[in-house]
Structure formats: structure tokens, C-alpha cells
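**Q** Dropping in coords05.txt, with compact mmCIF, C-alpha atoms and all ligand atoms.
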```
# COMPACT_ATOMS: atom_id res chain seq x y z
CA MET Q 2 15.62 14.09 10.34
CA ASN Q 3 18.11 13.20 13.10
CA ILE Q 4 19.24 16.22 15.10
CA LEU Q 5 22.05 16.17 17.65
CA VAL Q 6 22.20 19.03 20.15
CA THR Q 7 25.03 19.38 22.66
CA GLY Q 8 24.30 20.99 26.03
CA ALA Q 9 20.69 19.88 25.51
CA THR Q 10 19.40 19.81 29.07
CA ARG Q 11 19.14 23.48 29.97
CA GLY Q 12 19.27 27.05 28.74
CA ILE Q 13 19.62 27.67 25.00
CA GLY Q 14 20.17 23.98 24.18
CA LYS Q 15 16.90 22.98 25.85
CA ALA Q 16 15.04 25.66 23.88
CA ILE Q 17 16.64 24.42 20.63
CA CYS Q 18 15.51 20.84 21.35
CA ARG Q 19 11.96 22.10 21.92
CA ALA Q 20 11.91 24.21 18.75
CA LEU Q 21 13.31 21.79 16.17
CA ASP Q 22 11.15 19.22 14.37
CA GLY Q 23 12.77 15.80 14.10
CA ASN Q 24 14.36 13.06 16.19
CA ILE Q 25 16.37 14.75 18.90
CA TYR Q 26 19.65 13.16 19.99
CA ALA Q 27 20.59 14.95 23.19
CA ALA Q 28 24.13 15.27 24.53
CA GLY Q 29 25.05 16.42 28.01
CA ARG Q 30 26.58 15.46 31.31
CA ASN Q 31 23.60 15.06 33.65
CA GLU Q 32 22.08 11.60 33.21
CA ASN Q 33 18.97 12.41 35.26
CA LEU Q 34 18.11 15.32 32.97
CA LEU Q 35 19.09 13.44 29.80
CA LYS Q 36 16.63 10.67 30.64
CA ALA Q 37 13.85 13.03 29.54
CA PHE Q 38 15.01 12.35 25.96
CA GLN Q 39 14.45 9.12 24.05
CA ASN Q 40 17.97 9.22 22.58
CA TYR Q 41 20.90 10.60 24.51
CA CYS Q 42 24.64 10.37 25.08
CA ILE Q 43 26.40 11.28 28.32
CA ALA Q 44 29.69 12.97 27.49
CA ASP Q 45 31.90 15.51 29.23
CA LEU Q 46 33.33 17.65 26.43
CA SER Q 47 36.17 18.91 28.61
CA THR Q 48 37.90 15.53 28.21
CA PRO Q 49 39.27 13.88 25.04
CA GLU Q 50 37.46 10.66 26.08
CA GLY Q 51 34.11 12.48 26.29
CA ILE Q 52 34.62 14.18 22.94
CA GLU Q 53 35.57 10.88 21.27
CA LYS Q 54 32.60 9.10 22.88
CA LEU Q 55 30.18 11.65 21.46
CA GLY Q 56 31.95 11.53 18.08
CA ALA Q 57 31.36 7.76 17.95
CA TYR Q 58 27.70 8.28 18.92
CA ILE Q 59 27.32 10.75 16.04
CA GLU Q 60 28.85 8.23 13.59
CA ASP Q 61 26.46 5.53 14.82
CA ASN Q 62 23.28 7.59 14.49
CA LYS Q 63 23.13 9.12 10.99
CA ILE Q 64 22.98 12.71 12.17
CA ASP Q 65 21.55 15.18 9.60
CA VAL Q 66 21.71 18.27 11.80
CA LEU Q 67 24.45 19.02 14.32
CA VAL Q 68 24.00 21.88 16.76
CA ASN Q 69 27.19 22.64 18.69
CA ASN Q 70 25.65 24.50 21.62
CA ALA Q 71 27.49 23.32 24.77
CA GLY Q 72 29.88 25.93 26.06
CA GLU Q 73 31.62 27.24 29.15
CA TYR Q 74 32.61 30.72 30.26
CA ASN Q 75 35.70 31.98 32.06
CA TYR Q 76 36.28 35.42 33.51
CA SER Q 77 39.93 36.10 34.39
CA ALA Q 78 42.18 39.11 34.11
CA ALA Q 79 45.06 38.56 31.66
CA GLU Q 80 47.63 38.22 34.46
CA ASN Q 81 45.53 35.53 36.18
CA LEU Q 82 45.20 33.20 33.20
CA VAL Q 83 46.40 29.66 33.87
CA LEU Q 84 47.06 26.92 31.34
CA PRO Q 85 44.41 24.43 32.61
CA ASP Q 86 41.68 27.09 32.26
CA ILE Q 87 42.85 28.04 28.77
CA GLU Q 88 43.02 24.39 27.70
CA ARG Q 89 39.61 23.55 29.17
CA LEU Q 90 37.74 26.40 27.54
CA ILE Q 91 39.35 25.93 24.14
CA ARG Q 92 38.61 22.21 24.35
CA VAL Q 93 34.91 22.57 25.23
CA ASN Q 94 34.14 25.62 23.08
CA LEU Q 95 36.26 25.00 19.97
CA GLU Q 96 37.99 21.61 19.79
CA ALA Q 97 34.84 19.64 20.61
CA PRO Q 98 32.67 21.36 17.95
CA LEU Q 99 35.36 20.86 15.28
CA TYR Q 100 35.88 17.18 16.16
CA LEU Q 101 32.12 16.49 16.30
CA ILE Q 102 31.69 18.11 12.88
CA SER Q 103 34.42 15.83 11.51
CA LYS Q 104 32.39 12.83 12.67
CA ALA Q 105 29.07 14.15 11.32
CA VAL Q 106 30.28 15.13 7.85
CA PRO Q 107 30.82 11.69 6.25
CA TYR Q 108 27.13 10.70 6.61
CA MET Q 109 25.97 14.19 5.56
CA LYS Q 110 28.09 13.91 2.41
CA THR Q 111 26.50 10.59 1.47
CA GLN Q 112 23.05 12.24 1.82
CA GLY Q 113 23.99 15.41 -0.07
CA PHE Q 114 22.43 17.27 2.85
CA GLY Q 115 23.54 18.53 6.23
CA ARG Q 116 23.08 21.42 8.58
CA ILE Q 117 25.71 22.48 11.11
CA VAL Q 118 24.97 25.32 13.50
CA ASN Q 119 27.44 26.50 16.11
CA ILE Q 120 26.43 28.69 19.03
CA GLY Q 121 29.11 31.36 19.30
CA SER Q 122 28.84 34.60 21.22
CA ILE Q 123 28.88 38.30 20.61
CA SER Q 124 32.06 38.17 22.76
CA GLY Q 125 33.73 36.41 19.82
CA VAL Q 126 32.74 39.25 17.50
CA MET Q 127 33.29 42.31 19.70
CA GLY Q 128 35.78 41.06 22.30
CA GLU Q 129 34.96 41.11 26.01
CA ALA Q 130 37.37 42.58 28.57
CA GLY Q 131 38.31 39.95 31.17
CA ALA Q 132 37.04 37.11 29.01
CA SER Q 133 39.95 36.65 26.61
CA ILE Q 134 39.82 32.85 26.54
CA TYR Q 135 36.06 32.86 25.95
CA SER Q 136 36.32 35.53 23.23
CA ALA Q 137 39.18 33.61 21.58
CA SER Q 138 37.26 30.35 21.61
CA LYS Q 139 34.12 31.93 20.14
CA SER Q 140 36.08 33.87 17.48
CA GLY Q 141 37.64 30.55 16.54
CA LEU Q 142 34.18 29.18 15.76
CA ILE Q 143 33.65 31.99 13.26
CA GLY Q 144 36.85 31.20 11.32
CA MET Q 145 36.09 27.50 11.45
CA THR Q 146 32.59 28.16 10.12
CA LYS Q 147 33.86 30.06 7.07
CA ALA Q 148 36.45 27.42 6.18
CA LEU Q 149 34.05 24.49 6.55
CA ALA Q 150 31.26 26.27 4.69
CA LEU Q 151 33.55 26.61 1.67
CA GLU Q 152 34.76 23.05 1.93
CA LEU Q 153 31.29 21.55 2.30
CA ALA Q 154 29.25 23.84 0.04
CA GLU Q 155 29.16 21.47 -2.92
CA PHE Q 156 27.78 18.66 -0.75
CA GLY Q 157 24.59 20.46 0.30
CA ILE Q 158 25.94 21.01 3.80
CA THR Q 159 25.60 24.45 5.36
CA VAL Q 160 27.68 25.68 8.32
CA ASN Q 161 26.75 28.77 10.30
CA THR Q 162 27.39 30.35 13.68
CA VAL Q 163 24.83 32.25 15.75
CA ASN Q 164 26.29 34.84 18.13
CA PRO Q 165 23.91 35.65 20.98
CA GLY Q 166 24.34 38.70 23.18
CA TRP Q 167 23.27 38.41 26.81
CA VAL Q 168 20.79 35.57 27.15
CA ASP Q 169 18.72 34.95 30.26
CA THR Q 170 20.20 31.54 31.26
CA GLU Q 171 22.36 30.16 34.08
CA MET Q 172 25.47 31.11 32.10
CA GLY Q 173 24.17 34.60 31.33
CA ASN Q 174 23.35 35.25 34.96
CA SER Q 175 26.53 33.81 36.44
CA SER Q 176 28.73 35.68 33.95
CA ILE Q 177 27.10 38.95 35.05
CA GLU Q 178 27.94 38.04 38.66
CA ASP Q 179 31.53 37.04 37.75
CA GLU Q 180 32.07 40.42 36.15
CA GLY Q 181 30.78 42.20 39.25
CA PHE Q 182 27.89 43.95 37.46
CA THR Q 183 24.24 44.13 38.41
CA LYS Q 184 21.59 43.06 35.90
CA GLU Q 185 20.46 46.70 35.68
CA GLU Q 186 23.97 47.85 34.71
CA VAL Q 187 24.15 45.23 31.97
CA LEU Q 188 20.68 46.11 30.66
CA ASP Q 189 21.72 49.73 30.48
CA CYS Q 190 24.51 48.77 28.02
CA ILE Q 191 22.21 46.84 25.67
CA PRO Q 192 20.64 49.02 22.95
CA GLN Q 193 17.27 47.23 23.21
CA LYS Q 194 17.47 47.30 27.06
CA ARG Q 195 16.59 43.62 27.32
CA PHE Q 196 18.13 40.18 27.35
CA VAL Q 197 17.71 37.85 24.39
CA SER Q 198 15.55 34.83 25.27
CA PRO Q 199 16.68 31.23 24.67
CA SER Q 200 13.66 30.76 22.37
CA GLU Q 201 14.84 33.60 20.10
CA VAL Q 202 18.17 31.78 19.62
CA ALA Q 203 16.25 28.55 19.02
CA GLY Q 204 14.12 30.30 16.39
CA MET Q 205 17.24 31.38 14.49
CA VAL Q 206 18.62 27.84 14.64
CA LYS Q 207 15.28 26.55 13.35
CA TYR Q 208 15.51 28.90 10.39
CA LEU Q 209 19.13 27.93 9.61
CA VAL Q 210 18.14 24.26 9.59
CA SER Q 211 15.17 24.86 7.28
CA GLU Q 212 14.96 24.44 3.50
CA ASP Q 213 14.50 28.22 3.19
CA ALA Q 214 18.02 28.73 4.58
CA LYS Q 215 19.81 26.45 2.11
CA GLY Q 216 21.63 29.45 0.63
CA VAL Q 217 22.83 30.72 3.99
CA THR Q 218 26.27 29.30 4.74
CA GLY Q 219 29.54 30.46 6.26
CA GLN Q 220 27.70 33.18 8.13
CA SER Q 221 28.22 34.56 11.59
CA ILE Q 222 24.83 35.92 12.66
CA ASN Q 223 24.61 38.31 15.59
CA LEU Q 224 21.45 37.92 17.70
CA CYS Q 225 22.30 40.40 20.38
CA ALA Q 226 19.61 43.04 20.89
CA GLY Q 227 21.87 45.57 19.17
CA LEU Q 228 25.11 45.01 21.15
CA SER Q 229 27.22 44.44 18.04
CA VAL Q 230 26.57 47.94 16.71
CA GLY Q 231 27.54 49.82 19.84
CA CYS Q 232 26.52 50.69 23.35
P1 LIG Q 301 24.07 27.13 30.23
O1 LIG Q 301 25.23 27.18 31.16
O2 LIG Q 301 22.70 27.25 30.75
O3 LIG Q 301 24.16 25.82 29.32
C1 LIG Q 301 25.36 25.36 28.80
C2 LIG Q 301 25.18 23.91 28.39
O4 LIG Q 301 26.46 23.40 27.98
C3 LIG Q 301 24.69 23.06 29.56
O5 LIG Q 301 23.75 22.11 29.12
C4 LIG Q 301 25.95 22.40 30.02
O6 LIG Q 301 25.76 21.14 30.66
C5 LIG Q 301 26.71 22.21 28.70
N1 LIG Q 301 28.12 22.05 28.96
C6 LIG Q 301 28.95 22.95 29.56
N2 LIG Q 301 30.16 22.40 29.74
C7 LIG Q 301 30.10 21.16 29.22
C8 LIG Q 301 31.04 20.08 29.14
N3 LIG Q 301 32.27 20.19 29.64
N4 LIG Q 301 30.64 18.93 28.57
C9 LIG Q 301 29.38 18.79 28.09
N5 LIG Q 301 28.44 19.76 28.16
C10 LIG Q 301 28.81 20.92 28.73
O7 LIG Q 301 24.37 28.27 29.18
P2 LIG Q 301 23.60 28.78 27.86
O8 LIG Q 301 23.48 30.23 28.03
O9 LIG Q 301 22.42 27.95 27.53
O10 LIG Q 301 24.79 28.52 26.81
C11 LIG Q 301 24.63 27.80 25.60
C12 LIG Q 301 25.61 28.34 24.58
O11 LIG Q 301 25.31 29.72 24.33
C13 LIG Q 301 27.07 28.31 25.05
O12 LIG Q 301 27.90 27.92 24.00
C14 LIG Q 301 27.34 29.77 25.42
O13 LIG Q 301 28.71 30.10 25.29
C15 LIG Q 301 26.48 30.49 24.41
N6 LIG Q 301 26.14 31.86 24.80
C16 LIG Q 301 25.44 32.14 25.94
C17 LIG Q 301 25.17 33.47 26.26
C18 LIG Q 301 24.41 33.87 27.49
O14 LIG Q 301 24.36 35.08 27.81
N7 LIG Q 301 23.78 32.96 28.20
C19 LIG Q 301 25.61 34.51 25.42
C20 LIG Q 301 26.31 34.18 24.26
C21 LIG Q 301 26.57 32.86 23.96
```
Give the structure from the file, written as C-alpha cells.
**A**
Amino acid sequence: MNILVTGATRGIGKAICRALDGNIYAAGRNENLLKAFQNYCIADLSTPEGIEKLGAYIEDNKIDVLVNNAGEYNYSAAENLVLPDIERLIRVNLEAPLYLISKAVPYMKTQGFGRIVNIGSISGVMGEAGASIYSASKSGLIGMTKALALELAEFGITVNTVNPGWVDTEMGNSSIEDEGFTKEEVLDCIPQKRFVSPSEVAGMVKYLVSEDAKGVTGQSINLCAGLSVGC
């Protein structure tokens, strides 16, 4: 099974690459880190050229499983939003996943099998004050997931989105700093009083890719230590 993971070199993406069984095709920006993988593609998903380059790589490599994990975060008050920031975040977090799916689907259809997993965020389910672009981009993944799941159901292709809460990664830690909170303050807001680990997200992805999950499609699954049900 050929598995392509974006944002493969650190955080949640790295844990997903470790957890899944198959040939990993890693995508990222840092060539030194990507060299740890046998198969990789260097592509900056904030540019149309990078997105198209990775799309062509997907077409060339018979990808059975696509994990759209790469993502960026932006913390700005509404009155401070600027067009380049809006465009960048929507491009990396929403446009790139949709385009990459479009390039993966033709081969999956010929096989009558495919698994597409998007890494969303609880901020796309609940909304996050000060993170309107990020919340919008991650909510977009949920709508996209439902539409594609319907469209691709008859071809044996499932499409799902996993929405982590706070995860202990570079992004998790820097977003806490951007918001001006301490880790303790954030923990206090989480019902389970703990961060989700990258390996927990990877375990959910592993399940969604498995034969057992063939009936799970179009879903938006919150893996958030209880955040989605209240504070
Ligand atoms: P991270 O910052 O450690 O990793 C993000 C990965 O995406 C990195 O490998 C990075 O190189 C890649 N990436 C970012 N911008 C890119 C670009 N322009 N082109 C190509 N690759 C790019 O963060 P993480 O926590 O591992 O995040 C993984 C996913 O999980 C993201 O989609 C993020 O939105 C989501 N998420 C994270 C948290 C959290 O608390 N950490 C919570 C909810 C959702």
C-alpha cells in the first residue's frame, strides 16, 4: 500500500508515518529531514507551484492512502487580518488538500479502493477567537470531506477528517504562546486536563485507513480530550 503524508517530518505527520504500515511517501519542505525517507517530495504548499509539484508526484506514484496533514496557524484579531495571511492559510490548509485529493482520486478509482484522511482541528468545529482564518480553513475541510465522501462512496474510497484538540507539537506550543496563555491556563480549559499526543492522532488515522473502517466515511471525528463538549 502506498501512503502519502504531507507535513511528514515532524509533529503529528511524523507520528502518522511511524504508525502506518506500507510504503511511505513523505512530503515536506525540509530536504535534510525528508532524506530520512526512501521516497519523498519537497514541496511548499503555500505556493501554486509547490501544490502542483506534489500533485504530479501523487499521480506518478499510485497512491492508495492520502493523509493531508500539513497545516499552518495564524492568530490575528479581526481588525488586523491582511489579505496575504488569509490567502496563505486558505491555500495551505484547504486548497492544497483539495487539489491533492483531485490528483489521488483517479488511481484510487481504478483500484476500487482509497483512503483519504484530512487533519482538521477542533478550531474548525468549535471556532477559536482570534483564529478566524484557521477556523475557517479547518471548517472548510469538514464540508469538503462530506461532499467528497458522497461522491466517492461507490468507488470504495473513504474520506474523513480528524479534528485534534491541543496537541503537544511545535504548532501546539507556539499557538499557546501566540495567544498569550501559559500551558497551565490551557490545560485548565481541557476537560481531561492534558494535551493529546501525536501518537493518539496517528492511531486514529491508522484505524481510518484499516479494513475495519471501510464503513466510516464523510465523518468529522473530534480527538480533543473533551474540548468539543465544553470547558
Ligand atoms: P507542526 O507545525 O509540528 O507540523 C506541521 C507540518 O506541516 C510540518 O511538517 C510543516 O513543515 C508542514 N507545513 C506547514 N506549512 C507548510 C507548507 N507551506 N508547505 C508544506 N508543508 C508545510 O504542527 P502539527 O501540530 O504536527 O500539525 C499537523 C496538523 O495538525 C496541522 O494541519 C494542524 O493544523 C493540525 N492540528 C494541530 C494541533 C496542535 O495543537 N498541534 C491541533 C489541531 C490540529
**Q** Report as a ChimeraX atom specification all protein, DNA and RNA residues lying within 8 Å of stretch 97-111 of chain Q, evaluated on all atoms listed in the file, omitting residues in the same chain fewer than 5 positions from it.
**A** /Q:46,52,55-57,59-60,63-65,67,69,92,117,119,145,156-158
**Q** Dump as a list in words all residues having an atom at most 12 Å from (31.3, 18.1, 31.0), computed in the file's coordinates with only C-alpha atoms.
**A**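 Residues with an atom at most 12 Å from (31.3, 18.1, 31.0): Thr7, Gly8, Ala28, Gly29, Arg30, Asn31, Glu32, Cys42, Ile43, Ala44, Asp45, Leu46, Ser47, Thr48, Pro49, Glu50, Gly51, Ile52, Leu55, Ala71, Gly72, Glu73, Arg89, Leu90, Arg92, Val93, Asn94 and Ala97 of chain Q.
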**Q** Can I get the selection written as a compact mmCIF listing (two decimals), in the frame of the given file, with C-alpha atoms?
**A**
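Below is the file that was written, again-v3.txt:
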```
# COMPACT_ATOMS: atom_id res chain seq x y z
CA THR Q 7 25.03 19.38 22.66
CA GLY Q 8 24.30 20.99 26.03
CA ALA Q 28 24.13 15.27 24.53
CA GLY Q 29 25.05 16.42 28.01
CA ARG Q 30 26.58 15.46 31.31
CA ASN Q 31 23.60 15.06 33.65
CA GLU Q 32 22.08 11.60 33.21
CA CYS Q 42 24.64 10.37 25.08
CA ILE Q 43 26.40 11.28 28.32
CA ALA Q 44 29.69 12.97 27.49
CA ASP Q 45 31.90 15.51 29.23
CA LEU Q 46 33.33 17.65 26.43
CA SER Q 47 36.17 18.91 28.61
CA THR Q 48 37.90 15.53 28.21
CA PRO Q 49 39.27 13.88 25.04
CA GLU Q 50 37.46 10.66 26.08
CA GLY Q 51 34.11 12.48 26.29
CA ILE Q 52 34.62 14.18 22.94
CA LEU Q 55 30.18 11.65 21.46
CA ALA Q 71 27.49 23.32 24.77
CA GLY Q 72 29.88 25.93 26.06
CA GLU Q 73 31.62 27.24 29.15
CA ARG Q 89 39.61 23.55 29.17
CA LEU Q 90 37.74 26.40 27.54
CA ARG Q 92 38.61 22.21 24.35
CA VAL Q 93 34.91 22.57 25.23
CA ASN Q 94 34.14 25.62 23.08
CA ALA Q 97 34.84 19.64 20.61
```
**Q** Do you know which residues are at most 7 Å from Q:Ser198 counting only C-alpha atoms, after dropping those on the same chain fewer than 3 positions away, and could you put them as a ChimeraX atom specification?
**A** /Q:168-169,201-202
**Q** With all atoms listed in the file as the basis for distance, which of Q:Arg116, Q:Arg19, Q:Lys139, Q:Lys207 is at the shortest distance from ligand LIG 301 (chain Q)?
**A**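 Counting all atoms listed in the file, the residue closest to ligand LIG 301 (chain Q) is Q:Lys139.
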**Q** Skipping near chain neighbours, those fewer than 4 positions away, what residues fall within 12 Å of stretch 122-133 of chain Q using only C-alpha atoms, listed as an mmCIF file with C-alpha atoms, in the coordinates of the input?
**A**
```
data_model
loop_
_atom_site.group_PDB
_atom_site.id
_atom_site.type_symbol
_atom_site.label_atom_id
_atom_site.label_comp_id
_atom_site.auth_asym_id
_atom_site.auth_seq_id
_atom_site.Cartn_x
_atom_site.Cartn_y
_atom_site.Cartn_z
ATOM 1 C CA ASN Q 70 25.650 24.500 21.620
ATOM 2 C CA ALA Q 71 27.490 23.320 24.770
ATOM 3 C CA GLY Q 72 29.880 25.930 26.060
ATOM 4 C CA GLU Q 73 31.620 27.240 29.150
ATOM 5 C CA TYR Q 74 32.610 30.720 30.260
ATOM 6 C CA ASN Q 75 35.700 31.980 32.060
ATOM 7 C CA TYR Q 76 36.280 35.420 33.510
ATOM 8 C CA SER Q 77 39.930 36.100 34.390
ATOM 9 C CA ALA Q 78 42.180 39.110 34.110
ATOM 10 C CA ALA Q 79 45.060 38.560 31.660
ATOM 11 C CA GLU Q 80 47.630 38.220 34.460
ATOM 12 C CA ASN Q 81 45.530 35.530 36.180
ATOM 13 C CA LEU Q 82 45.200 33.200 33.200
ATOM 14 C CA VAL Q 83 46.400 29.660 33.870
ATOM 15 C CA ASP Q 86 41.680 27.090 32.260
ATOM 16 C CA ILE Q 87 42.850 28.040 28.770
ATOM 17 C CA LEU Q 90 37.740 26.400 27.540
ATOM 18 C CA ILE Q 91 39.350 25.930 24.140
ATOM 19 C CA ASN Q 94 34.140 25.620 23.080
ATOM 20 C CA LEU Q 95 36.260 25.000 19.970
ATOM 21 C CA ALA Q 137 39.180 33.610 21.580
ATOM 22 C CA SER Q 138 37.260 30.350 21.610
ATOM 23 C CA LYS Q 139 34.120 31.930 20.140
ATOM 24 C CA SER Q 140 36.080 33.870 17.480
ATOM 25 C CA GLY Q 141 37.640 30.550 16.540
ATOM 26 C CA LEU Q 142 34.180 29.180 15.760
ATOM 27 C CA ILE Q 143 33.650 31.990 13.260
ATOM 28 C CA GLY Q 144 36.850 31.200 11.320
ATOM 29 C CA THR Q 162 27.390 30.350 13.680
ATOM 30 C CA VAL Q 163 24.830 32.250 15.750
ATOM 31 C CA ASN Q 164 26.290 34.840 18.130
ATOM 32 C CA PRO Q 165 23.910 35.650 20.980
ATOM 33 C CA GLY Q 166 24.340 38.700 23.180
ATOM 34 C CA TRP Q 167 23.270 38.410 26.810
ATOM 35 C CA VAL Q 168 20.790 35.570 27.150
ATOM 36 C CA MET Q 172 25.470 31.110 32.100
ATOM 37 C CA GLY Q 173 24.170 34.600 31.330
ATOM 38 C CA SER Q 176 28.730 35.680 33.950
ATOM 39 C CA ILE Q 177 27.100 38.950 35.050
ATOM 40 C CA ASP Q 179 31.530 37.040 37.750
ATOM 41 C CA GLU Q 180 32.070 40.420 36.150
ATOM 42 C CA GLY Q 181 30.780 42.200 39.250
ATOM 43 C CA ILE Q 191 22.210 46.840 25.670
ATOM 44 C CA VAL Q 197 17.710 37.850 24.390
ATOM 45 C CA VAL Q 202 18.170 31.780 19.620
ATOM 46 C CA SER Q 221 28.220 34.560 11.590
ATOM 47 C CA ILE Q 222 24.830 35.920 12.660
ATOM 48 C CA ASN Q 223 24.610 38.310 15.590
ATOM 49 C CA LEU Q 224 21.450 37.920 17.700
ATOM 50 C CA CYS Q 225 22.300 40.400 20.380
ATOM 51 C CA ALA Q 226 19.610 43.040 20.890
ATOM 52 C CA GLY Q 227 21.870 45.570 19.170
ATOM 53 C CA LEU Q 228 25.110 45.010 21.150
ATOM 54 C CA SER Q 229 27.220 44.440 18.040
ATOM 55 C CA VAL Q 230 26.570 47.940 16.710
ATOM 56 C CA GLY Q 231 27.540 49.820 19.840
ATOM 57 C CA CYS Q 232 26.520 50.690 23.350
#
```
**Q** What gap, in Å, lies between atom O3 of ligand LIG 301 (chain Q) and atom CA of Q:Ala37?
**A**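 Between atom O3 of ligand LIG 301 (chain Q) and atom CA of Q:Ala37 the gap works out to 16.4 Å.
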**Q** Of the candidates Q:Ala150, Q:Val187, Q:Asp213, Q:Leu34, which one gets nearest to Q:Lys15 if we count all atoms listed in the file?
**A** Q:Leu34
**Q** Distance atom CA of Q:Cys190-atom CA of Q:Gln220, one decimal place?
**A** 25.5 Å
